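Peer 1: Shown below is the structure under consideration.
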There are 2 protein chains.
Amino acid sequence: MNKNPVGIFDSGIGGLTVAKEIKKILPQEDIIYLGDTARLPYGTKSVEAIIQFSKENTEFLISRGAKYVVIACYSSSSVALDILQKRYTVPIIGVIKSGAKKAVELTKTGKVGVIGTTLTIYSGAYEKIFKALDAQCEILGRACPLFVSLVEEGWFDHPATKLIVETYLKPLKEDNINTLLLGCTHFPLLMKVIKETMGDINYVDASREVGLELAQELKRLDLENHEGSGFISIYLTDLSMNFKEIGERFLGEPMHNVSRVALKGV
Amino acid sequence: MNKNPVGIFDSGIGGLTVAKEIKKILPQEDIIYLGDTARLPYGTKSVEAIIQFSKENTEFLISRGAKYVVIACYSSSSVALDILQKRYTVPIIGVIKSGAKKAVELTKTGKVGVIGTTLTIYSGAYEKIFKALDAQCEILGRACPLFVSLVEEGWFDHPATKLIVETYLKPLKEDNINTLLLGCTHFPLLMKVIKETMGDINYVDASREVGLELAQELKRLDLENHEGSGFISIYLTDLSMNFKEIGERFLGEPMHNVSRVALKGV
């Protein structure tokens, strides 16, 4: 048992979907969330910069007592996970690996579709992880950049959303994938219309999978908190004018306890 | 007469729509374009950071011989134009002011609609400029964040685009604006569907207006080049994998002579 909070970091507020899943799975864990909004997006930065930002984020969470660190950012998960795991004694997991593991477990035909931002898909981050897992899957990546704006606008039921989802997912449907991995923090909010389009296949929400892996890990390491109240403290490195509206959409509840924090490099 | 190039800077490659208009209006001017892609987007950064970046961009263009500097970035135009004009002897104009001047000139009813990114609209940049111009207009701002992604995807004729344009512009139509100012470098590429939706009103493309103002200015200051070939050199502070595809959409022609450049702060 350990009453310290779980730490989560992301380049922005999209990672609050990970916080939401962790709250659902582990309602007694307190959470400390850091969104590096001053330096987003990470995806366009150099690998060196992403690693440096990820170190600063991790150190902030550790300085606030995090007993476990979850990387909710796809760019950080892709390039910094191994480095951070070697550098710090606090255990660390990342959203990409958890999602990929689940997709490998579920696929029978070995045809996995992965959707994400242009940067996630073109960076080859998923191919790398699937290869490291020694998976015999065929990976079909599809960049869906408009999904991010649709989610930030809250247009979940707009007729345009249905048309856009159909356009992006058509090639994956024609390729008969049997498992679809949602590889972006924003995409779980479009799950309903994605399911309407793709029908009866397996869906993997990486935000949820990293939460489930965290639960197993906390149990294994005897780090669970059975007495917490699920308190979430949110730290952002910059406050944009609509962060609250969008953030509450991701978190699924009102955002209290939001503070602005200055990291050393920001 | 002055054979030196015209300098243009933007936080990214969207400002190439300004380069395109300048090439059309002034085909004999050589152009040097700087896109600070390593630090985009500017809109989410602090005012101090935007001013600092704008200084570095201006100094780079001056170091390469720019005889005139055009700010194609809306965030820079909004917060840094006056400061840069005072600081450097090279003359400087910005995209926001040129567009607003034209809208004031065209509107009869005094009802001007302004569309832009969330950051441009909520920052109040246009209200400030219209006020400084002493314009008696009613300004109706409307943030259209999905337009940026639609343009970057090249979905100009997609059925979803029509639906999205109709949704965003409905309130402006109901308010009977008679002039619509396109306040984002990306939006001129959606002009066709915007016109289909809004019908017979005045349209102001700020990318074109700043080009026209530049032409007047070069004439007034006797800085025109009558012997150039319209050569455009493009410098970017970072190269993303799809910058060429998207950039050529903005520029309207193949991008040759693209170099990566490191500014002192990048």
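Convention: chains lettered A, B, ... in structure tokens order; per-chain residue numbering from 1; ligands numbered from 1 as shown.
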Neighbours of segment 142-145 of chain A within 7 Å (only C-alpha atoms; same-chain residues fewer than 4 positions away dropped), as a count of residues only?

Peer 2: 8

Peer 1: With a cut-off of 10 Å and counting only C-alpha atoms, select all residues of chain A in contact with chain B and give the selection as a tab-separated table (two decimals) with N, CA and C atoms, in the first residue's frame.

Peer 2:
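And here is the file that came out, result_12.tsv:
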chain	number	residue	atom	x	y	z
A	37	THR	N	1.37	22.38	-21.87
A	37	THR	CA	0.66	23.15	-22.90
A	37	THR	C	1.50	24.29	-23.50
A	38	ALA	N	2.50	24.77	-22.75
A	38	ALA	CA	3.34	25.85	-23.28
A	38	ALA	C	4.21	25.38	-24.44
A	39	ARG	N	4.50	24.07	-24.47
A	39	ARG	CA	5.42	23.58	-25.49
A	39	ARG	C	4.78	22.62	-26.48
A	40	LEU	N	3.46	22.48	-26.40
A	40	LEU	CA	2.81	21.58	-27.37
A	40	LEU	C	2.83	22.22	-28.75
A	41	PRO	N	2.75	21.47	-29.85
A	41	PRO	CA	2.76	20.00	-29.87
A	41	PRO	C	4.18	19.44	-29.80
A	43	GLY	N	4.97	16.57	-31.20
A	43	GLY	CA	5.20	15.77	-32.41
A	43	GLY	C	6.06	16.46	-33.45
A	44	THR	N	6.07	17.78	-33.46
A	44	THR	CA	6.85	18.52	-34.46
A	44	THR	C	8.26	18.84	-33.95
A	45	LYS	N	8.56	18.50	-32.70
A	45	LYS	CA	9.87	18.83	-32.13
A	45	LYS	C	10.89	17.73	-32.42
A	46	SER	N	12.16	18.05	-32.23
A	46	SER	CA	13.21	17.05	-32.44
A	46	SER	C	13.15	16.00	-31.32
A	118	THR	N	-1.20	12.56	-37.89
A	118	THR	CA	-0.25	12.38	-38.99
A	118	THR	C	1.14	12.04	-38.43
A	119	LEU	N	1.52	12.75	-37.37
A	119	LEU	CA	2.86	12.54	-36.82
A	119	LEU	C	3.02	11.17	-36.22
A	122	TYR	N	3.07	8.58	-39.30
A	122	TYR	CA	4.24	8.64	-40.18
A	122	TYR	C	5.56	8.43	-39.46
A	123	SER	N	5.57	8.62	-38.14
A	123	SER	CA	6.81	8.42	-37.40
A	123	SER	C	7.20	6.94	-37.32
A	144	CYS	N	-5.45	10.42	-39.26
A	144	CYS	CA	-6.78	11.03	-39.23
A	144	CYS	C	-6.71	12.40	-38.55
A	145	PRO	N	-5.98	13.36	-39.14
A	145	PRO	CA	-5.75	14.62	-38.45
A	145	PRO	C	-7.02	15.41	-38.13
A	146	LEU	N	-8.05	15.28	-38.94
A	146	LEU	CA	-9.27	16.05	-38.67
A	146	LEU	C	-9.99	15.60	-37.39
A	147	PHE	N	-9.74	14.36	-36.96
A	147	PHE	CA	-10.41	13.86	-35.75
A	147	PHE	C	-10.09	14.76	-34.54
A	148	VAL	N	-8.84	15.24	-34.49
A	148	VAL	CA	-8.43	16.06	-33.34
A	148	VAL	C	-9.29	17.32	-33.25
A	149	SER	N	-9.43	18.02	-34.38
A	149	SER	CA	-10.24	19.25	-34.37
A	149	SER	C	-11.71	18.95	-34.09
A	150	LEU	N	-12.22	17.85	-34.65
A	150	LEU	CA	-13.62	17.50	-34.40
A	150	LEU	C	-13.87	17.29	-32.91
A	152	GLU	N	-12.01	18.50	-30.42
A	152	GLU	CA	-11.84	19.75	-29.68
A	152	GLU	C	-13.05	20.66	-29.87
A	153	GLU	N	-13.73	20.54	-31.00
A	153	GLU	CA	-14.97	21.29	-31.23
A	153	GLU	C	-16.17	20.66	-30.56
A	158	HIS	N	-22.18	15.56	-35.28
A	158	HIS	CA	-22.38	16.41	-36.45
A	158	HIS	C	-22.38	15.54	-37.71
A	159	PRO	N	-23.24	15.84	-38.68
A	159	PRO	CA	-23.25	15.03	-39.90
A	159	PRO	C	-21.88	15.02	-40.60
A	160	ALA	N	-21.13	16.10	-40.49
A	160	ALA	CA	-19.79	16.14	-41.12
A	160	ALA	C	-18.86	15.10	-40.48
A	161	THR	N	-19.04	14.87	-39.19
A	161	THR	CA	-18.18	13.91	-38.47
A	161	THR	C	-18.33	12.51	-39.06
A	162	LYS	N	-19.58	12.13	-39.28
A	162	LYS	CA	-19.86	10.81	-39.87
A	162	LYS	C	-19.16	10.67	-41.25
A	163	LEU	N	-19.27	11.72	-42.06
A	163	LEU	CA	-18.65	11.69	-43.40
A	163	LEU	C	-17.13	11.60	-43.31
A	164	ILE	N	-16.55	12.34	-42.38
A	164	ILE	CA	-15.10	12.35	-42.24
A	164	ILE	C	-14.60	11.00	-41.73
A	167	THR	N	-14.69	8.54	-44.56
A	167	THR	CA	-13.62	8.76	-45.53
A	167	THR	C	-12.29	8.21	-45.02
A	238	ASP	N	0.82	26.27	-19.46
A	238	ASP	CA	0.22	27.49	-20.02
A	238	ASP	C	-1.29	27.30	-20.02
A	239	LEU	N	-2.03	28.39	-19.87
A	239	LEU	CA	-3.49	28.30	-19.84
A	239	LEU	C	-4.07	29.01	-21.04
A	240	SER	N	-4.60	28.28	-22.01
A	240	SER	CA	-5.26	28.91	-23.16
A	240	SER	C	-6.70	29.22	-22.76
A	241	MET	N	-7.36	30.04	-23.56
A	241	MET	CA	-8.67	30.52	-23.08
A	241	MET	C	-9.74	29.45	-23.04
A	242	ASN	N	-9.59	28.39	-23.84
A	242	ASN	CA	-10.66	27.39	-23.83
A	242	ASN	C	-10.20	26.02	-23.30

Peer 1: Could you pull out the residues in segment 13-248 of chain A that DSSP calls strand (DSSP E or B) from the backbone, as a PyMOL selection string?

Peer 2: chain A and resi 31-35+68-71+92-94+111-116+138-143+179-182+202-205+232-236

Peer 1: Write the residues of the selection above to a file with C-alpha atoms, as a compact mmCIF listing (two decimals), in the first residue's frame.

Peer 2:
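Below is the file part-v8.txt, written as the result:
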# COMPACT_ATOMS: atom_id res chain seq x y z
CA ILE A 31 -3.78 11.62 -9.52
CA ILE A 32 -1.40 14.40 -10.39
CA TYR A 33 -1.62 15.43 -14.03
CA LEU A 34 0.90 17.60 -15.87
CA GLY A 35 0.07 19.03 -19.31
CA TYR A 68 4.21 5.70 -10.66
CA VAL A 69 4.44 7.72 -13.88
CA VAL A 70 2.14 7.20 -16.87
CA ILE A 71 3.14 8.79 -20.19
CA ILE A 92 7.03 4.28 -15.75
CA ILE A 93 4.67 3.03 -18.49
CA GLY A 94 3.56 4.59 -21.77
CA LYS A 111 -4.63 -7.48 -39.47
CA VAL A 112 -4.50 -4.50 -37.12
CA GLY A 113 -5.53 -1.00 -38.12
CA VAL A 114 -3.93 1.88 -36.24
CA ILE A 115 -5.35 5.39 -36.41
CA GLY A 116 -3.60 8.47 -35.03
CA GLU A 138 0.14 -6.71 -40.46
CA ILE A 139 -0.13 -3.09 -39.32
CA LEU A 140 -2.24 -0.75 -41.42
CA GLY A 141 -1.73 2.84 -40.28
CA ARG A 142 -4.09 5.65 -41.18
CA ALA A 143 -3.55 9.29 -40.24
CA THR A 179 -8.81 -4.99 -34.73
CA LEU A 180 -8.67 -1.20 -34.63
CA LEU A 181 -6.28 0.55 -32.28
CA LEU A 182 -7.19 4.15 -31.41
CA ASN A 202 -12.22 -5.43 -31.89
CA TYR A 203 -11.53 -1.92 -30.63
CA VAL A 204 -8.55 -0.97 -28.51
CA ASP A 205 -8.63 2.32 -26.64
CA ILE A 232 -7.01 14.89 -9.19
CA SER A 233 -4.63 17.87 -9.26
CA ILE A 234 -3.99 19.36 -12.68
CA TYR A 235 -0.89 21.36 -13.57
CA LEU A 236 -0.53 23.10 -16.93

Peer 1: Based on DSSP run over this structure's backbone, return all residues of segment 211-255 of chain B in helix (DSSP H, G or I), as a ChimeraX atom specification.

Peer 2: /B:211-220,243-251

Peer 1: Determine, counting only C-alpha atoms, which protein, DNA and RNA residues have an atom within 8 Å of an atom of Ala66 of chain B; residues of the same chain fewer than 6 positions away are not included. Present the result as a PDB file with N, CA and C atoms, in the first residue's frame.

Peer 2:
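Result written to out.pdb:
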ATOM      1  N   ASN B   4      16.887  44.123 -54.181  1.00  0.00           N
ATOM      2  CA  ASN B   4      16.870  43.200 -53.042  1.00  0.00           C
ATOM      3  C   ASN B   4      15.513  42.505 -52.922  1.00  0.00           C
ATOM      4  N   PRO B   5      15.491  41.369 -52.252  1.00  0.00           N
ATOM      5  CA  PRO B   5      14.216  40.639 -52.133  1.00  0.00           C
ATOM      6  C   PRO B   5      13.282  41.247 -51.092  1.00  0.00           C
ATOM      7  N   VAL B   6      11.997  40.888 -51.236  1.00  0.00           N
ATOM      8  CA  VAL B   6      10.998  41.171 -50.202  1.00  0.00           C
ATOM      9  C   VAL B   6      11.062  40.015 -49.205  1.00  0.00           C
ATOM     10  N   GLY B   7      11.081  40.315 -47.921  1.00  0.00           N
ATOM     11  CA  GLY B   7      11.089  39.268 -46.898  1.00  0.00           C
ATOM     12  C   GLY B   7       9.682  39.026 -46.349  1.00  0.00           C
ATOM     13  N   ILE B  32      12.077  36.234 -50.206  1.00  0.00           N
ATOM     14  CA  ILE B  32      12.713  35.328 -49.265  1.00  0.00           C
ATOM     15  C   ILE B  32      11.698  35.064 -48.154  1.00  0.00           C
ATOM     16  N   VAL B  90      14.264  49.012 -41.753  1.00  0.00           N
ATOM     17  CA  VAL B  90      13.577  48.379 -42.883  1.00  0.00           C
ATOM     18  C   VAL B  90      12.070  48.506 -42.643  1.00  0.00           C
TER      19      VAL B  90
END

Peer 1: Residues near Ala206 of chain A, anyone? I mean within 12 Å using only C-alpha atoms, not counting same-chain ones fewer than 3 positions away, as JSON, numbers by chain.

Peer 2: {"A": [15, 17, 18, 21, 22, 71, 72, 73, 74, 77, 94, 95, 96, 97, 98, 99, 100, 101, 102, 103, 114, 115, 116, 126, 180, 181, 182, 183, 184, 185, 186, 187, 188, 203, 209, 210, 211, 212, 213]}

Peer 1: Point out the residue among B:Thr120, B:Phe53, B:Arg260, B:Leu251 with the least atom-to-atom distance to Ser207 of chain B, counting only C-alpha atoms.

Peer 2: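 With only C-alpha atoms as the atom set, the closest residue is B:Leu251.
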
Peer 1: Do a neighbour search on Ile201 of chain A at 10 Å with only C-alpha atoms, toss out local chain neighbours closer than 4 positions, and write the hits as a PyMOL selection string.

Peer 2: chain A and resi 106-107+176-180+195

Peer 1: Write out, as a PDB file, in the first residue's frame, the residues just selected, with N, CA and C atoms.

Peer 2:
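Saved to part_20.pdb:
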ATOM      1  N   LEU A 106      -5.642  -9.419 -29.059  1.00  0.00           N
ATOM      2  CA  LEU A 106      -7.005  -9.553 -29.588  1.00  0.00           C
ATOM      3  C   LEU A 106      -7.069 -10.032 -31.037  1.00  0.00           C
ATOM      4  N   THR A 107      -6.117  -9.629 -31.852  1.00  0.00           N
ATOM      5  CA  THR A 107      -6.252  -9.909 -33.288  1.00  0.00           C
ATOM      6  C   THR A 107      -6.120 -11.412 -33.552  1.00  0.00           C
ATOM      7  N   ASN A 176     -10.217  -5.283 -44.534  1.00  0.00           N
ATOM      8  CA  ASN A 176     -10.714  -6.296 -43.592  1.00  0.00           C
ATOM      9  C   ASN A 176      -9.888  -6.430 -42.314  1.00  0.00           C
ATOM     10  N   ILE A 177      -9.509  -5.316 -41.732  1.00  0.00           N
ATOM     11  CA  ILE A 177      -8.862  -5.405 -40.417  1.00  0.00           C
ATOM     12  C   ILE A 177      -9.874  -6.002 -39.433  1.00  0.00           C
ATOM     13  N   ASN A 178      -9.381  -6.721 -38.422  1.00  0.00           N
ATOM     14  CA  ASN A 178     -10.338  -7.204 -37.416  1.00  0.00           C
ATOM     15  C   ASN A 178     -10.116  -6.557 -36.054  1.00  0.00           C
ATOM     16  N   THR A 179      -9.093  -5.695 -35.979  1.00  0.00           N
ATOM     17  CA  THR A 179      -8.811  -4.988 -34.729  1.00  0.00           C
ATOM     18  C   THR A 179      -8.407  -3.558 -35.069  1.00  0.00           C
ATOM     19  N   LEU A 180      -9.016  -2.601 -34.397  1.00  0.00           N
ATOM     20  CA  LEU A 180      -8.674  -1.198 -34.634  1.00  0.00           C
ATOM     21  C   LEU A 180      -8.137  -0.584 -33.348  1.00  0.00           C
ATOM     22  N   LYS A 195     -17.424   3.076 -34.316  1.00  0.00           N
ATOM     23  CA  LYS A 195     -18.049   1.740 -34.257  1.00  0.00           C
ATOM     24  C   LYS A 195     -19.173   1.614 -35.279  1.00  0.00           C
TER      25      LYS A 195
END

Peer 1: One number please: atom CA of Leu172 of chain A to atom CA of Glu196 of chain A, in Å, one decimal.

Peer 2: 14.0 Å

Peer 1: Ranking B:Phe243, B:Gly124, B:Asp175, B:Phe231 by minimum distance to Asn257 of chain B and counting only C-alpha atoms, which one comes first?

Peer 2: B:Phe231

Peer 1: What is the distance between atom CA of Arg64 of chain B and atom CA of Leu221 of chain B, in Å to one decimal?

Peer 2: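 Going from atom CA of Arg64 of chain B over to atom CA of Leu221 of chain B covers 19.9 Å.
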
Peer 1: For a test of reading the model, state the distance in Å between atom CA of Asp82 of chain A and atom CA of Lys3 of chain A, rounded to one decimal.

Peer 2: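 Calculated distance between atom CA of Asp82 of chain A and atom CA of Lys3 of chain A is 26.1 Å.
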
Peer 1: Could you check which of A:Ile50, A:Lys173, A:Leu218, A:Val104 is closest to Met198 of chain A, using only C-alpha atoms?

Peer 2: A:Lys173
